[in-house]
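J.: Just passing along the structure, written as structure tokens.
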Amino acid sequence: MDDRINGKTIILGLMANPIGHTVSPQLHNTLSAMLGIDAVYIPFKVEKDSLGDAVKGLKACNLLGFNATIPFKEELLKYVDECTEEVRLMGSANTVKNTCGRLYAYNTDADGFIRSYKEETGGGFEGREVVMLGAGGTARSLAVRIASKGAAKLYLANRTLEKAQEIANTINATAGGIIEPLSLSDAKIKGIIENCDIIVNTTSLGMYPHIEECPLGDDIRFNHKQIVYDVIYNPAKTRLLKLAESCGCKTVNGLGMLFYQGILAYEIWMDMKIPDNVISQLSKEFSNNFGK
Ligand code: NAP
């Protein structure tokens, strides 16, 4: 008899739409196998107007926890019982834990980004001047975390200026006023980018299959001391990262962020710290399989 799943198996899952491309089941199920934990992680394709019903259903079925991704991260906050002020400020959650029938929401994207950044560059954000391209859901959560990590200045440059302004207005009160909204087409952006320490792309420009797109023009000049992080991981080198690499910058893609948001979610569900040796072995397997 196949007894991989039995009456005691812990059930975890992911709500998304589309869901065909997800690598989260492979990540979490491999992790459970490595740790010898009797758990299974299942993908759920949820219709766009059915999130409330889906959350209620997973709660009624006593799942220990679940992830949510595009297009549900913002709307999810409407259906959980508890979240921190910081998660409210971030405006989105990607992880939920069911504790004694109450749903607690977390955002592990932002901490996954910080952990990946630290691991791949050896540095942090304290005292740094940062330019973030984009002002969508990911930008908002990363802006909250980058500000809380002590950045000296955070420019938010977006195609739609109003969205960057709205994020700055919401977050600046708790972020010491360090956020300055900008339009991506503002002429002064070139000079600001040339002189900052870190550039983070959170726009979807350059993501497969539109790999020729880039949030910045080809005339942009980086300097070799800069770090350029693109949250996109497919392709592994976006046009933006290729441009930055040609100027001698350290470049990082979003695969590590994807990996660590999953690791952190698993630690929340299981209330444990995953041993470093497990993380490093899994990280290698993850990059070998999904680092296109
Ligand atoms: P979102 O909320 O829809 O935001 C999209 C952003 O891209 C907005 O700033 C939008 O600008 C900008 N944009 C889209 N098309 C554009 C265009 N043609 N020209 C200029 N700007 C454009 O999306 P999101 O959830 O934040 O996700 C953004 C990216 O992050 C996606 O590629 C996603 O896959 C990636 N991501 C990666 C990870 C990871 O683990 N590595 C995690 C989360 C997200 P406007 O405001 O002007 O529309």
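Residues in the structure tokens are numbered from 1 in each chain, the chains being A, B, ... in the order shown, and ligands are numbered from 1 in the order shown.
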Skipping near chain neighbours, those fewer than 3 positions away, what residues fall within 9 Å of range 104-114 of chain A using only C-alpha atoms, listed as an NGL selection string?
T.: :A and (73 or 76-77 or 80-84 or 87 or 90 or 92-99 or 117-119 or 124-125 or 138 or 141-146 or 231 or 254 or 256-265 or 268)
J.: Deliver the residues from the most recent selection as a file, using C-alpha atoms, as a PDB file, in the first residue's frame.
T.:
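Contents of the output file part_18.pdb:
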```pdb
ATOM      1  CA  LYS A  73      -1.733  38.346  -1.929  1.00  0.00           C
ATOM      2  CA  LEU A  76      -6.042  37.593   1.301  1.00  0.00           C
ATOM      3  CA  LEU A  77      -5.852  40.119   4.151  1.00  0.00           C
ATOM      4  CA  VAL A  80      -7.653  36.207   7.784  1.00  0.00           C
ATOM      5  CA  ASP A  81      -8.299  36.637  11.504  1.00  0.00           C
ATOM      6  CA  GLU A  82      -5.018  38.206  12.576  1.00  0.00           C
ATOM      7  CA  CYS A  83      -1.993  40.009  11.169  1.00  0.00           C
ATOM      8  CA  THR A  84       0.583  42.442  12.478  1.00  0.00           C
ATOM      9  CA  VAL A  87       1.723  43.207   7.408  1.00  0.00           C
ATOM     10  CA  MET A  90       2.854  45.975   3.528  1.00  0.00           C
ATOM     11  CA  SER A  92      -0.266  41.860   1.335  1.00  0.00           C
ATOM     12  CA  ALA A  93       0.440  38.424   2.761  1.00  0.00           C
ATOM     13  CA  ASN A  94       1.711  35.238   1.141  1.00  0.00           C
ATOM     14  CA  THR A  95       1.603  32.869   4.122  1.00  0.00           C
ATOM     15  CA  VAL A  96      -1.178  31.856   6.510  1.00  0.00           C
ATOM     16  CA  LYS A  97      -0.967  29.640   9.586  1.00  0.00           C
ATOM     17  CA  ASN A  98      -4.023  28.065  11.162  1.00  0.00           C
ATOM     18  CA  THR A  99      -3.539  28.113  14.926  1.00  0.00           C
ATOM     19  CA  TYR A 117      20.224  39.764  -0.570  1.00  0.00           C
ATOM     20  CA  LYS A 118      22.407  39.214   2.489  1.00  0.00           C
ATOM     21  CA  GLU A 119      23.451  35.748   1.432  1.00  0.00           C
ATOM     22  CA  GLY A 124      22.523  44.934   4.026  1.00  0.00           C
ATOM     23  CA  PHE A 125      20.614  48.192   3.601  1.00  0.00           C
ATOM     24  CA  THR A 138       6.016  43.482  -4.164  1.00  0.00           C
ATOM     25  CA  SER A 141       6.268  45.059   1.020  1.00  0.00           C
ATOM     26  CA  LEU A 142       9.967  45.412   0.146  1.00  0.00           C
ATOM     27  CA  ALA A 143       9.812  49.172   0.778  1.00  0.00           C
ATOM     28  CA  VAL A 144       8.519  48.582   4.319  1.00  0.00           C
ATOM     29  CA  ARG A 145      11.324  46.098   5.018  1.00  0.00           C
ATOM     30  CA  ILE A 146      14.148  48.084   3.336  1.00  0.00           C
ATOM     31  CA  VAL A 231      13.131  40.033  -8.268  1.00  0.00           C
ATOM     32  CA  GLY A 254      14.914  36.633  -7.636  1.00  0.00           C
ATOM     33  CA  GLY A 256      16.935  33.248  -3.808  1.00  0.00           C
ATOM     34  CA  MET A 257      13.967  35.389  -2.754  1.00  0.00           C
ATOM     35  CA  LEU A 258      11.602  32.691  -4.025  1.00  0.00           C
ATOM     36  CA  PHE A 259      13.570  30.035  -2.163  1.00  0.00           C
ATOM     37  CA  TYR A 260      13.736  31.879   1.150  1.00  0.00           C
ATOM     38  CA  GLN A 261      10.108  33.029   1.195  1.00  0.00           C
ATOM     39  CA  GLY A 262       9.298  29.295   1.078  1.00  0.00           C
ATOM     40  CA  ILE A 263      11.830  28.371   3.768  1.00  0.00           C
ATOM     41  CA  LEU A 264      10.495  31.098   6.081  1.00  0.00           C
ATOM     42  CA  ALA A 265       6.876  30.027   5.503  1.00  0.00           C
ATOM     43  CA  ILE A 268       6.374  29.490  10.568  1.00  0.00           C
TER      44      ILE A 268
END
```
J.: Identify, on the basis of only C-alpha atoms, every residue whose closest approach to range 3-6 of chain A does not exceed 8 Å; exclude the query and any residue fewer than 6 positions from it along the same chain; express the result as a list of chain:residue names.
T.: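 Neighbouring residues, sequence-local ones excluded: A:Asp38, A:Ala39, A:Val40.
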J.: Export, as a tab-separated table (two decimals), in the first residue's frame, the selected residues with all heavy atoms.
T.:
```
chain	number	residue	atom	x	y	z
A	38	ASP	N	6.05	14.37	8.25
A	38	ASP	CA	4.92	13.77	7.52
A	38	ASP	C	3.96	14.90	7.11
A	38	ASP	O	3.00	15.19	7.81
A	38	ASP	CB	4.23	12.75	8.43
A	38	ASP	CG	3.08	12.05	7.73
A	38	ASP	OD1	2.94	12.18	6.50
A	38	ASP	OD2	2.31	11.37	8.44
A	39	ALA	N	4.29	15.55	5.98
A	39	ALA	CA	3.47	16.66	5.50
A	39	ALA	C	3.42	16.62	3.99
A	39	ALA	O	4.35	16.13	3.34
A	39	ALA	CB	4.07	17.99	5.96
A	40	VAL	N	2.35	17.16	3.44
A	40	VAL	CA	2.23	17.24	1.99
A	40	VAL	C	1.72	18.63	1.61
A	40	VAL	O	0.88	19.20	2.31
A	40	VAL	CB	1.32	16.11	1.43
A	40	VAL	CG1	-0.10	16.22	1.93
A	40	VAL	CG2	1.33	16.11	-0.10
```
J.: Tell me, in Å to one decimal, how far CA of Pro235 in chain A is from atom 44 (C, counted along the ligand's line) of ligand 1.
T.: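 One can read the CA of Pro235 in chain A to atom 44 (C, counted along the ligand's line) of ligand 1 distance as 13.7 Å.
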J.: Where does DSSP see alpha helix (DSSP H) in range 103-253 of chain A, if you list the residues as number ranges by chain?
T.: A: 108-121, 137-148, 161-171, 189-195, 239-246
J.: For the selection just defined, write its residues with N, CA and C atoms to a file, as a short mmCIF file (atom, residue, chain, number, x, y, z; two decimals), in the first residue's frame.
T.:
```
data_model
loop_
_atom_site.label_atom_id
_atom_site.label_comp_id
_atom_site.auth_asym_id
_atom_site.auth_seq_id
_atom_site.Cartn_x
_atom_site.Cartn_y
_atom_site.Cartn_z
N THR A 108 6.26 36.65 3.93
CA THR A 108 7.64 36.17 3.94
C THR A 108 8.40 36.59 2.68
N ASP A 109 7.72 37.26 1.73
CA ASP A 109 8.42 37.76 0.54
C ASP A 109 9.52 38.75 0.94
N ALA A 110 9.14 39.69 1.81
CA ALA A 110 10.07 40.76 2.17
C ALA A 110 11.28 40.19 2.91
N ASP A 111 11.04 39.29 3.88
CA ASP A 111 12.17 38.71 4.61
C ASP A 111 12.96 37.74 3.74
N GLY A 112 12.26 37.09 2.80
CA GLY A 112 12.96 36.22 1.85
C GLY A 112 13.91 37.03 0.98
N PHE A 113 13.45 38.21 0.58
CA PHE A 113 14.29 39.11 -0.21
C PHE A 113 15.53 39.54 0.60
N ILE A 114 15.31 39.95 1.85
CA ILE A 114 16.44 40.43 2.68
C ILE A 114 17.45 39.29 2.89
N ARG A 115 16.94 38.10 3.18
CA ARG A 115 17.84 36.98 3.45
C ARG A 115 18.64 36.61 2.19
N SER A 116 17.96 36.61 1.04
CA SER A 116 18.66 36.30 -0.19
C SER A 116 19.69 37.39 -0.51
N TYR A 117 19.30 38.65 -0.30
CA TYR A 117 20.22 39.76 -0.57
C TYR A 117 21.48 39.61 0.29
N LYS A 118 21.27 39.33 1.56
CA LYS A 118 22.41 39.21 2.49
C LYS A 118 23.30 38.04 2.09
N GLU A 119 22.66 36.92 1.77
CA GLU A 119 23.45 35.75 1.43
C GLU A 119 24.26 35.96 0.15
N GLU A 120 23.65 36.64 -0.82
CA GLU A 120 24.32 36.72 -2.13
C GLU A 120 25.24 37.92 -2.27
N THR A 121 25.09 38.92 -1.39
CA THR A 121 25.96 40.09 -1.51
C THR A 121 26.82 40.28 -0.26
N GLY A 137 2.54 45.45 -5.67
CA GLY A 137 2.44 44.77 -4.39
C GLY A 137 3.80 44.39 -3.81
N THR A 138 4.69 43.89 -4.65
CA THR A 138 6.02 43.48 -4.16
C THR A 138 6.80 44.69 -3.69
N ALA A 139 6.74 45.77 -4.47
CA ALA A 139 7.47 46.99 -4.11
C ALA A 139 7.03 47.49 -2.73
N ARG A 140 5.74 47.46 -2.47
CA ARG A 140 5.24 47.97 -1.19
C ARG A 140 5.81 47.17 -0.01
N SER A 141 5.77 45.84 -0.12
CA SER A 141 6.27 45.06 1.02
C SER A 141 7.78 45.20 1.16
N LEU A 142 8.50 45.25 0.05
CA LEU A 142 9.97 45.41 0.15
C LEU A 142 10.32 46.80 0.67
N ALA A 143 9.53 47.81 0.31
CA ALA A 143 9.81 49.17 0.78
C ALA A 143 9.71 49.24 2.30
N VAL A 144 8.69 48.59 2.85
CA VAL A 144 8.52 48.58 4.32
C VAL A 144 9.75 47.95 4.96
N ARG A 145 10.20 46.82 4.41
CA ARG A 145 11.32 46.10 5.02
C ARG A 145 12.66 46.83 4.80
N ILE A 146 12.89 47.37 3.60
CA ILE A 146 14.15 48.08 3.34
C ILE A 146 14.25 49.30 4.26
N ALA A 147 13.11 49.99 4.47
CA ALA A 147 13.11 51.14 5.39
C ALA A 147 13.40 50.67 6.81
N SER A 148 12.80 49.55 7.21
CA SER A 148 13.01 49.08 8.59
C SER A 148 14.44 48.58 8.80
N LEU A 161 3.08 57.36 -11.49
CA LEU A 161 3.63 58.11 -10.35
C LEU A 161 2.71 58.05 -9.13
N GLU A 162 1.39 58.13 -9.37
CA GLU A 162 0.44 58.17 -8.25
C GLU A 162 0.59 56.96 -7.33
N LYS A 163 0.92 55.81 -7.91
CA LYS A 163 1.05 54.61 -7.06
C LYS A 163 2.29 54.72 -6.16
N ALA A 164 3.37 55.28 -6.70
CA ALA A 164 4.58 55.47 -5.89
C ALA A 164 4.30 56.51 -4.80
N GLN A 165 3.54 57.53 -5.16
CA GLN A 165 3.21 58.58 -4.17
C GLN A 165 2.36 58.00 -3.05
N GLU A 166 1.42 57.15 -3.42
CA GLU A 166 0.52 56.57 -2.40
C GLU A 166 1.33 55.70 -1.43
N ILE A 167 2.28 54.92 -1.96
CA ILE A 167 3.11 54.07 -1.07
C ILE A 167 3.95 54.96 -0.16
N ALA A 168 4.55 55.99 -0.75
CA ALA A 168 5.40 56.88 0.06
C ALA A 168 4.56 57.54 1.16
N ASN A 169 3.36 58.02 0.82
CA ASN A 169 2.51 58.67 1.82
C ASN A 169 2.14 57.72 2.94
N THR A 170 1.89 56.45 2.59
CA THR A 170 1.46 55.48 3.60
C THR A 170 2.63 55.06 4.49
N ILE A 171 3.79 54.87 3.88
CA ILE A 171 4.90 54.27 4.65
C ILE A 171 5.81 55.31 5.30
N ILE A 189 15.97 60.77 -13.07
CA ILE A 189 16.19 59.40 -12.60
C ILE A 189 17.56 58.86 -13.00
N LYS A 190 18.05 59.30 -14.16
CA LYS A 190 19.34 58.81 -14.65
C LYS A 190 20.45 59.16 -13.64
N GLY A 191 20.47 60.41 -13.22
CA GLY A 191 21.49 60.86 -12.26
C GLY A 191 21.35 60.15 -10.93
N ILE A 192 20.11 59.97 -10.48
CA ILE A 192 19.87 59.31 -9.19
C ILE A 192 20.37 57.87 -9.25
N ILE A 193 20.08 57.20 -10.35
CA ILE A 193 20.52 55.80 -10.48
C ILE A 193 22.05 55.71 -10.55
N GLU A 194 22.65 56.66 -11.25
CA GLU A 194 24.12 56.61 -11.37
C GLU A 194 24.81 56.77 -10.02
N ASN A 195 24.12 57.43 -9.07
CA ASN A 195 24.79 57.76 -7.81
C ASN A 195 24.31 56.97 -6.59
N ARG A 239 17.28 41.51 -19.05
CA ARG A 239 18.02 42.52 -19.80
C ARG A 239 18.64 43.55 -18.83
N LEU A 240 17.91 43.89 -17.78
CA LEU A 240 18.44 44.84 -16.78
C LEU A 240 19.71 44.28 -16.13
N LEU A 241 19.68 43.01 -15.75
CA LEU A 241 20.86 42.42 -15.10
C LEU A 241 22.04 42.32 -16.06
N LYS A 242 21.76 42.06 -17.35
CA LYS A 242 22.85 41.99 -18.34
C LYS A 242 23.50 43.36 -18.49
N LEU A 243 22.65 44.38 -18.52
CA LEU A 243 23.14 45.75 -18.65
C LEU A 243 24.03 46.10 -17.44
N ALA A 244 23.54 45.74 -16.26
CA ALA A 244 24.29 46.04 -15.03
C ALA A 244 25.61 45.27 -14.99
N GLU A 245 25.54 44.02 -15.43
CA GLU A 245 26.75 43.18 -15.43
C GLU A 245 27.80 43.77 -16.37
N SER A 246 27.34 44.32 -17.50
CA SER A 246 28.29 44.90 -18.46
C SER A 246 28.97 46.15 -17.89
#
```
J.: May I ask which of the residues A:Leu35, A:Leu27, A:Met15, A:Val252 is the closest one to Lys273 in chain A, counting only C-alpha atoms?
T.: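 Using only C-alpha atoms, the shortest distance to Lys273 in chain A belongs to A:Leu35.
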J.: When distances are computed from only C-alpha atoms and all ligand atoms, which of A:Ile178, A:Ile227, A:Ala135, A:Ile199 shows the smallest separation from ligand 1?
T.: A:Ala135
J.: Pick from A:Gln226, A:Ser24, A:Ser204, A:Thr251: nearest to ligand 1, with only C-alpha atoms and all ligand atoms counted?
T.: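 Closest to ligand 1, using only C-alpha atoms and all ligand atoms: A:Ser204.
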J.: Please report the interatomic distance between atom 38 (C, counted along the ligand's line) of ligand 1 and CA of Met272 in chain A in Å with one decimal.
T.: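 Calculated distance between atom 38 (C, counted along the ligand's line) of ligand 1 and CA of Met272 in chain A is 23.5 Å.
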J.: Check range 104-277 of chain A with DSSP on the backbone and list each residue it calls strand (DSSP E or B), as a PyMOL selection string.
T.: chain A and resi 104-106+129-133+153-158+179-183+198-201+227-230+250-252
